[in-house]
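Undergrad: Contents of data31.txt (compact mmCIF, C-alpha atoms and all ligand atoms) are below:
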# COMPACT_ATOMS: atom_id res chain seq x y z
CA MET A 823 27.56 76.27 -109.11
CA PRO A 824 24.38 75.92 -111.19
CA PHE A 825 25.67 72.97 -113.26
CA PRO A 826 24.72 70.28 -114.11
CA LEU A 827 21.21 71.35 -115.08
CA SER A 828 18.36 68.89 -115.43
CA ARG A 829 17.63 70.22 -118.95
CA PRO A 830 19.71 71.36 -121.95
CA ALA A 831 21.65 74.53 -121.14
CA ARG A 832 20.89 77.70 -123.06
CA MET A 833 24.17 79.34 -124.02
CA ALA A 834 25.04 82.80 -125.32
CA VAL A 835 28.27 83.74 -127.06
CA LEU A 836 29.65 87.30 -126.89
CA ALA A 837 32.06 88.01 -129.72
CA SER A 838 33.58 91.08 -131.35
CA GLY A 839 35.25 89.55 -134.39
CA ARG A 840 35.59 86.71 -136.84
CA GLY A 841 33.77 84.12 -134.73
CA SER A 842 35.76 80.95 -135.32
CA ASN A 843 35.35 79.89 -131.68
CA LEU A 844 31.63 80.57 -131.97
CA GLN A 845 31.63 78.26 -135.00
CA ALA A 846 33.42 75.56 -132.98
CA LEU A 847 30.82 75.83 -130.19
CA LEU A 848 27.92 75.73 -132.67
CA THR A 849 29.38 72.60 -134.25
CA ALA A 850 30.00 70.92 -130.89
CA PHE A 851 26.57 71.80 -129.47
CA PRO A 852 24.04 71.62 -132.29
CA PRO A 853 20.36 72.41 -131.69
CA GLY A 854 18.77 69.58 -129.75
CA ASP A 855 21.98 68.50 -128.02
CA PRO A 856 20.85 67.20 -124.62
CA LEU A 857 23.70 69.03 -122.88
CA GLY A 858 22.94 72.42 -124.38
CA SER A 859 23.18 74.69 -127.38
CA VAL A 860 23.99 78.25 -128.38
CA VAL A 861 20.74 80.21 -128.64
CA LEU A 862 21.99 83.81 -128.67
CA VAL A 863 25.00 85.68 -130.06
CA ILE A 864 25.72 89.25 -129.03
CA SER A 865 28.35 91.45 -130.63
CA ASN A 866 29.48 95.01 -129.97
CA ARG A 867 30.57 95.25 -133.64
CA ALA A 868 27.97 95.45 -136.39
CA THR A 869 30.33 93.88 -138.93
CA ALA A 870 31.55 91.00 -136.74
CA GLY A 871 31.81 87.72 -138.61
CA ALA A 872 30.28 86.14 -135.52
CA LEU A 873 26.92 87.81 -136.24
CA ALA A 874 26.91 86.44 -139.80
CA ILE A 875 27.80 82.96 -138.53
CA ALA A 876 24.94 83.11 -136.01
CA GLU A 877 22.47 84.18 -138.69
CA ALA A 878 23.65 81.42 -141.03
CA HIS A 879 22.87 78.92 -138.25
CA GLY A 880 19.47 80.43 -137.47
CA VAL A 881 20.68 81.58 -134.06
CA ALA A 882 19.41 84.90 -132.68
CA ALA A 883 22.07 87.55 -133.35
CA ARG A 884 22.08 90.92 -131.61
CA TYR A 885 24.34 93.86 -132.36
CA ILE A 886 24.58 96.07 -129.29
CA PRO A 887 26.92 99.05 -129.73
CA CYS A 888 29.42 99.68 -126.96
CA GLY A 889 31.30 102.91 -127.46
CA ARG A 890 32.13 104.74 -124.29
CA ASP A 891 28.72 103.73 -122.96
CA ARG A 892 29.61 100.42 -121.31
CA GLN A 893 26.70 100.72 -118.91
CA GLY A 894 24.23 101.05 -121.78
CA PHE A 895 25.77 98.04 -123.50
CA GLU A 896 25.63 95.94 -120.35
CA GLN A 897 22.02 96.91 -119.60
CA ALA A 898 20.91 95.94 -123.11
CA ALA A 899 23.02 92.76 -123.06
CA ALA A 900 21.64 91.70 -119.66
CA GLN A 901 18.10 92.27 -120.89
CA ALA A 902 18.74 90.11 -123.98
CA LEU A 903 20.48 87.41 -121.92
CA ASP A 904 17.71 87.29 -119.33
CA GLN A 905 14.91 87.33 -121.92
CA ALA A 906 16.56 84.38 -123.65
CA GLY A 907 16.92 82.52 -120.33
CA ILE A 908 20.68 82.12 -120.73
CA ASP A 909 22.44 79.71 -118.37
CA LEU A 910 26.04 80.06 -119.58
CA ILE A 911 27.79 82.98 -121.31
CA CYS A 912 30.86 82.20 -123.43
CA LEU A 913 33.13 85.10 -124.35
CA ALA A 914 34.88 84.31 -127.63
CA GLY A 915 37.04 87.13 -128.89
CA PHE A 916 34.91 89.67 -127.02
CA MET A 917 37.13 92.73 -126.89
CA ARG A 918 35.50 94.74 -124.11
CA LEU A 919 36.03 94.44 -120.38
CA LEU A 920 32.89 93.65 -118.43
CA SER A 921 32.15 95.69 -115.29
CA PRO A 922 32.40 94.11 -111.83
CA ALA A 923 28.61 94.54 -111.49
CA PHE A 924 27.94 92.60 -114.71
CA VAL A 925 30.39 89.86 -113.75
CA GLU A 926 28.79 89.63 -110.30
CA ARG A 927 25.31 89.38 -111.79
CA TYR A 928 26.37 86.30 -113.80
CA ALA A 929 28.91 84.96 -111.30
CA GLY A 930 30.02 81.42 -112.10
CA ARG A 931 28.27 81.56 -115.46
CA ILE A 932 30.76 83.41 -117.71
CA LEU A 933 33.63 81.65 -119.47
CA ASN A 934 36.38 83.14 -121.64
CA ILE A 935 39.02 81.71 -123.95
CA HIS A 936 42.44 83.32 -124.10
CA PRO A 937 45.37 82.51 -126.43
CA SER A 938 48.08 81.94 -123.81
CA LEU A 939 48.83 79.68 -120.87
CA LEU A 940 47.42 81.99 -118.22
CA PRO A 941 48.45 83.47 -115.86
CA VAL A 942 51.24 84.40 -118.28
CA PHE A 943 50.54 86.86 -121.11
CA PRO A 944 47.09 88.18 -120.17
CA GLY A 945 45.46 91.04 -122.07
CA LEU A 946 46.00 92.05 -125.68
CA ASN A 947 48.43 90.49 -128.17
CA ALA A 948 49.11 87.37 -126.11
CA GLN A 949 50.83 85.60 -129.01
CA GLN A 950 53.10 88.61 -129.59
CA GLN A 951 53.90 88.64 -125.87
CA ALA A 952 54.85 84.94 -126.03
CA LEU A 953 57.19 85.51 -129.00
CA ALA A 954 58.77 88.55 -127.34
CA ALA A 955 59.40 86.52 -124.17
CA GLY A 956 61.13 83.78 -126.18
CA VAL A 957 59.12 80.92 -124.64
CA SER A 958 59.20 77.51 -126.33
CA VAL A 959 55.69 76.53 -125.28
CA SER A 960 52.49 78.56 -125.33
CA GLY A 961 48.85 77.57 -125.69
CA CYS A 962 45.32 78.52 -124.74
CA THR A 963 43.21 78.70 -121.61
CA VAL A 964 39.50 78.55 -120.85
CA HIS A 965 38.76 80.30 -117.57
CA TRP A 966 35.93 81.71 -115.50
CA VAL A 967 35.55 85.44 -115.87
CA ASP A 968 36.05 87.63 -112.83
CA ALA A 969 36.41 91.39 -112.59
CA GLY A 970 40.11 91.32 -113.61
CA VAL A 971 41.76 90.95 -117.01
CA ASP A 972 42.00 87.22 -117.90
CA SER A 973 42.44 86.51 -114.19
CA GLY A 974 39.60 84.17 -113.19
CA PRO A 975 39.97 80.50 -112.17
CA ILE A 976 41.26 78.22 -114.92
CA VAL A 977 38.98 75.49 -116.29
CA LEU A 978 41.26 73.87 -118.91
CA GLN A 979 44.50 74.63 -120.72
CA ARG A 980 46.23 73.18 -123.76
CA GLN A 981 49.87 73.62 -124.75
CA VAL A 982 51.27 74.18 -128.23
CA PRO A 983 54.94 74.42 -129.20
CA VAL A 984 56.47 77.72 -130.25
CA ILE A 985 58.87 76.99 -133.08
CA PRO A 986 61.94 79.04 -134.01
CA ASP A 987 60.61 80.72 -137.16
CA ASP A 988 57.18 81.46 -135.77
CA THR A 989 55.51 84.76 -136.59
CA VAL A 990 52.50 86.13 -134.74
CA GLU A 991 50.38 84.67 -137.55
CA THR A 992 51.81 81.14 -137.51
CA LEU A 993 51.71 80.93 -133.73
CA SER A 994 48.19 82.39 -133.60
CA ASP A 995 46.98 79.80 -136.14
CA ARG A 996 48.52 76.93 -134.18
CA ILE A 997 46.95 78.15 -130.95
CA LEU A 998 43.59 78.85 -132.59
CA ASN A 999 43.46 75.30 -133.87
CA GLU A 1000 43.70 74.09 -130.28
CA GLU A 1001 41.21 76.71 -129.07
CA HIS A 1002 38.60 75.16 -131.35
CA ARG A 1003 39.02 71.84 -129.53
CA LEU A 1004 39.55 73.21 -126.05
CA TYR A 1005 36.54 75.53 -125.77
CA PRO A 1006 33.92 72.86 -126.56
CA GLU A 1007 35.74 70.45 -124.25
CA ALA A 1008 35.72 72.95 -121.39
CA VAL A 1009 32.07 73.87 -121.94
CA ARG A 1010 31.15 70.18 -121.93
CA LEU A 1011 32.98 69.68 -118.65
CA VAL A 1012 31.26 72.69 -117.09
CA LEU A 1013 27.78 71.66 -118.27
CA GLN A 1014 28.32 68.14 -116.97
CA GLY A 1015 29.11 69.63 -113.57
CA GLY A 1016 32.70 68.41 -113.73
CA ILE A 1017 34.26 71.67 -112.54
CA PRO A 1018 34.21 72.36 -108.80
C1 LIG A 1101 40.88 83.96 -130.11
O1 LIG A 1101 42.26 83.82 -130.30
C2 LIG A 1101 40.55 84.05 -128.64
O2 LIG A 1101 41.40 83.28 -127.83
C3 LIG A 1101 40.80 85.51 -128.35
O3 LIG A 1101 40.31 86.17 -129.50
C4 LIG A 1101 40.38 85.30 -130.63
C5 LIG A 1101 39.00 85.21 -131.19
O4 LIG A 1101 38.96 84.52 -132.41
N1 LIG A 1101 40.16 85.90 -127.12
P1 LIG A 1101 37.58 84.14 -133.08
O5 LIG A 1101 36.78 85.44 -133.26
O6 LIG A 1101 36.86 83.18 -132.17
O7 LIG A 1101 37.92 83.54 -134.40
Output the file's structure as structure tokens, nothing else.
TA:
Amino acid sequence: MPFPLSRPARMAVLASGRGSNLQALLTAFPPGDPLGSVVLVISNRATAGALAIAEAHGVAARYIPCGRDRQGFEQAAAQALDQAGIDLICLAGFMRLLSPAFVERYAGRILNIHPSLLPVFPGLNAQQQALAAGVSVSGCTVHWVDAGVDSGPIVLQRQVPVIPDDTVETLSDRILNEEHRLYPEAVRLVLQGGIP
């Protein structure tokens, strides 16, 4: 476990979409924060909101295409991560699976956030899965990334109620609200060395 570091951590966020969790991390860890800050954002989608958010904050933003060429994506991403001296990688709505080799290379240094109380409802459409299962409580999870799908060790979880008239949208919004608190909290804990 490389944390805590004796200097501010350099973090990268990998995101494919809107980037609201990226925004939450940028707000929680502004430049100059003694614990660390986000210095690189990588997206596999040229139009990802996350890239625009990074640029608006003056954070290096890299679009690296990832069609069927996952190996090419991972080589370019690893080069960017290593050049930037990244200590911690945060996946935030990153919609591609990382290869076992990539995960191994950054073992213990990749976090993900997922909109369910893992281990239930891994993979796509977690909120839809929760509604279909008829549960009365769902939530979000920050976990270490391993070679499986949303299967690595859990760092922190937060519950939210599922209410009778919920739609995928209302439940997703309620969970997302908690994600924006939980991810910075989990990253703080990790950087402080509070996770065994
Ligand atoms: C979040 O719900 C996250 O849990 C899931 O993808 C969504 C990303 O949202 N992995 P955003 O791009 O951070 O707004």
Undergrad: Identify which of the residues A:Ala868, A:Ala914, A:Leu873, A:Val942 lies closest to ligand LIG 1101 (chain A), counting all atoms listed in the file when measuring atom-to-atom distances.
TA: A:Ala914
Undergrad: Which protein, DNA or RNA residues have an atom within 9 Å of ligand LIG 1101 (chain A), counting only C-alpha atoms and all ligand atoms, as number ranges by chain?
TA: A: 837-846, 870-872, 913-917, 934-938, 945-946, 948-949, 962-964, 994-995, 997-998, 1001-1002
Undergrad: Counting all atoms listed in the file, which residue out of A:Pro887, A:Gly907, A:Gly854, A:Pro944 sits closest to Met833 in chain A?
TA: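 Going through A:Pro887, A:Gly907, A:Gly854, A:Pro944 one by one, the smallest distance to Met833 in chain A is for A:Gly907.
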Undergrad: Quick check, in Å to one decimal: how far apart do CA of Gln901 in chain A and CA of Gly858 in chain A lie?
TA: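 Spanning CA of Gln901 in chain A to CA of Gly858 in chain A is a straight-line distance of 20.7 Å.
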Undergrad: Which residues, written as a list of chain:residue names, have at least one atom at most 6 Å from Tyr885 in chain A, with only C-alpha atoms counted and residues fewer than 4 positions away on the same chain left out?
TA: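 Near neighbours after the sequence-gap exclusion: A:Ile864, A:Ser865, A:Asn866, A:Ala868.
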Undergrad: Could you give me the axis-aligned bounding box of range 843-849 of chain A, with 5 Å of padding per side, as centre plus edge lengths in Å to one decimal, as JSON?
TA:
{"center_x": 31.6, "center_y": 76.6, "center_z": -132.6, "size_x": 17.4, "size_y": 18.0, "size_z": 14.8}
Undergrad: Would you pick out the contacts of Arg1010 in chain A at 9 Å or less, using all atoms listed in the file, so that residues sharing its chain but fewer than 4 positions from it are not included, and give the list as a PyMOL selection string?
TA: chain A and resi 851+857-858+1005-1006+1014-1016
Undergrad: So the first atom is CA of Gln951 in chain A and the second is CA of Ser973 in chain A; what is the distance between them in Å, to one decimal place?
TA: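 Interatomic distance here is 16.5 Å.
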Undergrad: Mind checking which residues fall within 9 Å of Val860 in chain A, counting all atoms listed in the file, ignoring those fewer than 6 positions away in the same chain, and posting them as a PyMOL selection string?
TA: chain A and resi 831-835+844+847-848+851-853+881
Undergrad: Measure the distance from CA of Asp968 in chain A to CA of Glu877 in chain A in Å and round it to one decimal.
TA: 29.4 Å
Undergrad: Tell me which of A:Arg829, A:Arg927, A:Arg867, A:Arg980 sits closest to Gly961 in chain A, counting only C-alpha atoms.
TA: A:Arg980
Undergrad: Using only C-alpha atoms, can you tell me which of A:Val971, A:Val957, A:Leu1013, A:Leu939 comes closest to Asp909 in chain A?
TA: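 Looking only at the distances to Asp909 in chain A, the closest residue turns out to be A:Leu1013.
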Undergrad: Determine, using all atoms listed in the file, which residues of range 852-965 of chain A have any atom at most 9 Å from an atom of range 988-992 of chain A, and tabulate each with its shortest atom pair and distance in Å to one decimal place, rows ordered by chain and then rising number, as JSON lines.
TA:
{"residue": "A:Asn947", "atom": "CA", "partner": "A:Val990", "partner_atom": "CA", "distance": 8.9}
{"residue": "A:Gln949", "atom": "CA", "partner": "A:Val990", "partner_atom": "CA", "distance": 6.0}
{"residue": "A:Gln950", "atom": "CA", "partner": "A:Val990", "partner_atom": "CA", "distance": 5.7}
{"residue": "A:Leu953", "atom": "CA", "partner": "A:Val990", "partner_atom": "CA", "distance": 7.4}
Undergrad: For range 876-895 of chain A, where the input has fewer atoms than it should, I would like N, CA, C and O atoms rebuilt and written as a PDB file, keeping the file's coordinate frame.
TA:
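Output saved as part19.pdb:
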ATOM      1  N   ALA A 876      26.157  83.393-136.786  1.00  0.00           N
ATOM      2  CA  ALA A 876      24.940  83.110-136.010  1.00  0.00           C
ATOM      3  C   ALA A 876      23.730  83.082-136.949  1.00  0.00           C
ATOM      4  O   ALA A 876      22.920  82.142-136.922  1.00  0.00           O
ATOM      5  N   GLU A 877      23.630  84.109-137.793  1.00  0.00           N
ATOM      6  CA  GLU A 877      22.470  84.180-138.690  1.00  0.00           C
ATOM      7  C   GLU A 877      22.433  82.981-139.620  1.00  0.00           C
ATOM      8  O   GLU A 877      21.380  82.398-139.860  1.00  0.00           O
ATOM      9  N   ALA A 878      23.603  82.571-140.126  1.00  0.00           N
ATOM     10  CA  ALA A 878      23.650  81.420-141.030  1.00  0.00           C
ATOM     11  C   ALA A 878      23.186  80.143-140.327  1.00  0.00           C
ATOM     12  O   ALA A 878      22.722  79.208-140.983  1.00  0.00           O
ATOM     13  N   HIS A 879      23.301  80.102-139.005  1.00  0.00           N
ATOM     14  CA  HIS A 879      22.870  78.920-138.250  1.00  0.00           C
ATOM     15  C   HIS A 879      21.462  79.094-137.675  1.00  0.00           C
ATOM     16  O   HIS A 879      21.017  78.266-136.879  1.00  0.00           O
ATOM     17  N   GLY A 880      20.820  80.200-138.001  1.00  0.00           N
ATOM     18  CA  GLY A 880      19.470  80.430-137.470  1.00  0.00           C
ATOM     19  C   GLY A 880      19.459  80.722-135.984  1.00  0.00           C
ATOM     20  O   GLY A 880      18.459  80.487-135.294  1.00  0.00           O
ATOM     21  N   VAL A 881      20.582  81.238-135.487  1.00  0.00           N
ATOM     22  CA  VAL A 881      20.680  81.580-134.060  1.00  0.00           C
ATOM     23  C   VAL A 881      20.445  83.086-133.911  1.00  0.00           C
ATOM     24  O   VAL A 881      20.952  83.876-134.725  1.00  0.00           O
ATOM     25  N   ALA A 882      19.703  83.486-132.902  1.00  0.00           N
ATOM     26  CA  ALA A 882      19.410  84.900-132.680  1.00  0.00           C
ATOM     27  C   ALA A 882      20.715  85.683-132.559  1.00  0.00           C
ATOM     28  O   ALA A 882      21.609  85.303-131.791  1.00  0.00           O
ATOM     29  N   ALA A 883      20.832  86.760-133.326  1.00  0.00           N
ATOM     30  CA  ALA A 883      22.070  87.550-133.350  1.00  0.00           C
ATOM     31  C   ALA A 883      21.725  88.989-133.028  1.00  0.00           C
ATOM     32  O   ALA A 883      20.869  89.586-133.687  1.00  0.00           O
ATOM     33  N   ARG A 884      22.372  89.540-132.008  1.00  0.00           N
ATOM     34  CA  ARG A 884      22.080  90.920-131.610  1.00  0.00           C
ATOM     35  C   ARG A 884      23.343  91.771-131.680  1.00  0.00           C
ATOM     36  O   ARG A 884      24.377  91.405-131.103  1.00  0.00           O
ATOM     37  N   TYR A 885      23.264  92.870-132.400  1.00  0.00           N
ATOM     38  CA  TYR A 885      24.340  93.860-132.360  1.00  0.00           C
ATOM     39  C   TYR A 885      23.960  94.896-131.313  1.00  0.00           C
ATOM     40  O   TYR A 885      22.896  95.514-131.399  1.00  0.00           O
ATOM     41  N   ILE A 886      24.807  95.058-130.320  1.00  0.00           N
ATOM     42  CA  ILE A 886      24.580  96.070-129.290  1.00  0.00           C
ATOM     43  C   ILE A 886      25.831  96.947-129.251  1.00  0.00           C
ATOM     44  O   ILE A 886      26.906  96.482-128.873  1.00  0.00           O
ATOM     45  N   PRO A 887      25.727  98.198-129.694  1.00  0.00           N
ATOM     46  CA  PRO A 887      26.920  99.050-129.730  1.00  0.00           C
ATOM     47  C   PRO A 887      27.470  99.298-128.329  1.00  0.00           C
ATOM     48  O   PRO A 887      26.720  99.309-127.357  1.00  0.00           O
ATOM     49  N   CYS A 888      28.771  99.433-128.257  1.00  0.00           N
ATOM     50  CA  CYS A 888      29.420  99.680-126.960  1.00  0.00           C
ATOM     51  C   CYS A 888      30.561 100.646-127.201  1.00  0.00           C
ATOM     52  O   CYS A 888      31.704 100.248-127.317  1.00  0.00           O
ATOM     53  N   GLY A 889      30.239 101.921-127.326  1.00  0.00           N
ATOM     54  CA  GLY A 889      31.300 102.910-127.460  1.00  0.00           C
ATOM     55  C   GLY A 889      31.846 103.185-126.084  1.00  0.00           C
ATOM     56  O   GLY A 889      32.355 102.294-125.409  1.00  0.00           O
ATOM     57  N   ARG A 890      31.696 104.430-125.653  1.00  0.00           N
ATOM     58  CA  ARG A 890      32.130 104.740-124.290  1.00  0.00           C
ATOM     59  C   ARG A 890      31.043 104.377-123.282  1.00  0.00           C
ATOM     60  O   ARG A 890      31.237 104.456-122.082  1.00  0.00           O
ATOM     61  N   ASP A 891      29.872 103.966-123.821  1.00  0.00           N
ATOM     62  CA  ASP A 891      28.720 103.730-122.960  1.00  0.00           C
ATOM     63  C   ASP A 891      28.647 102.255-122.543  1.00  0.00           C
ATOM     64  O   ASP A 891      27.756 101.521-122.953  1.00  0.00           O
ATOM     65  N   ARG A 892      29.607 101.826-121.704  1.00  0.00           N
ATOM     66  CA  ARG A 892      29.610 100.420-121.310  1.00  0.00           C
ATOM     67  C   ARG A 892      28.355 100.058-120.532  1.00  0.00           C
ATOM     68  O   ARG A 892      27.815  98.964-120.677  1.00  0.00           O
ATOM     69  N   GLN A 893      27.879 101.008-119.716  1.00  0.00           N
ATOM     70  CA  GLN A 893      26.700 100.720-118.910  1.00  0.00           C
ATOM     71  C   GLN A 893      25.477 100.439-119.784  1.00  0.00           C
ATOM     72  O   GLN A 893      24.716  99.509-119.522  1.00  0.00           O
ATOM     73  N   GLY A 894      25.348 101.250-120.849  1.00  0.00           N
ATOM     74  CA  GLY A 894      24.230 101.050-121.780  1.00  0.00           C
ATOM     75  C   GLY A 894      24.335  99.704-122.461  1.00  0.00           C
ATOM     76  O   GLY A 894      23.345  98.979-122.600  1.00  0.00           O
ATOM     77  N   PHE A 895      25.555  99.350-122.867  1.00  0.00           N
ATOM     78  CA  PHE A 895      25.770  98.040-123.500  1.00  0.00           C
ATOM     79  C   PHE A 895      25.370  96.928-122.533  1.00  0.00           C
ATOM     80  O   PHE A 895      24.637  96.000-122.888  1.00  0.00           O
TER      81      PHE A 895
END
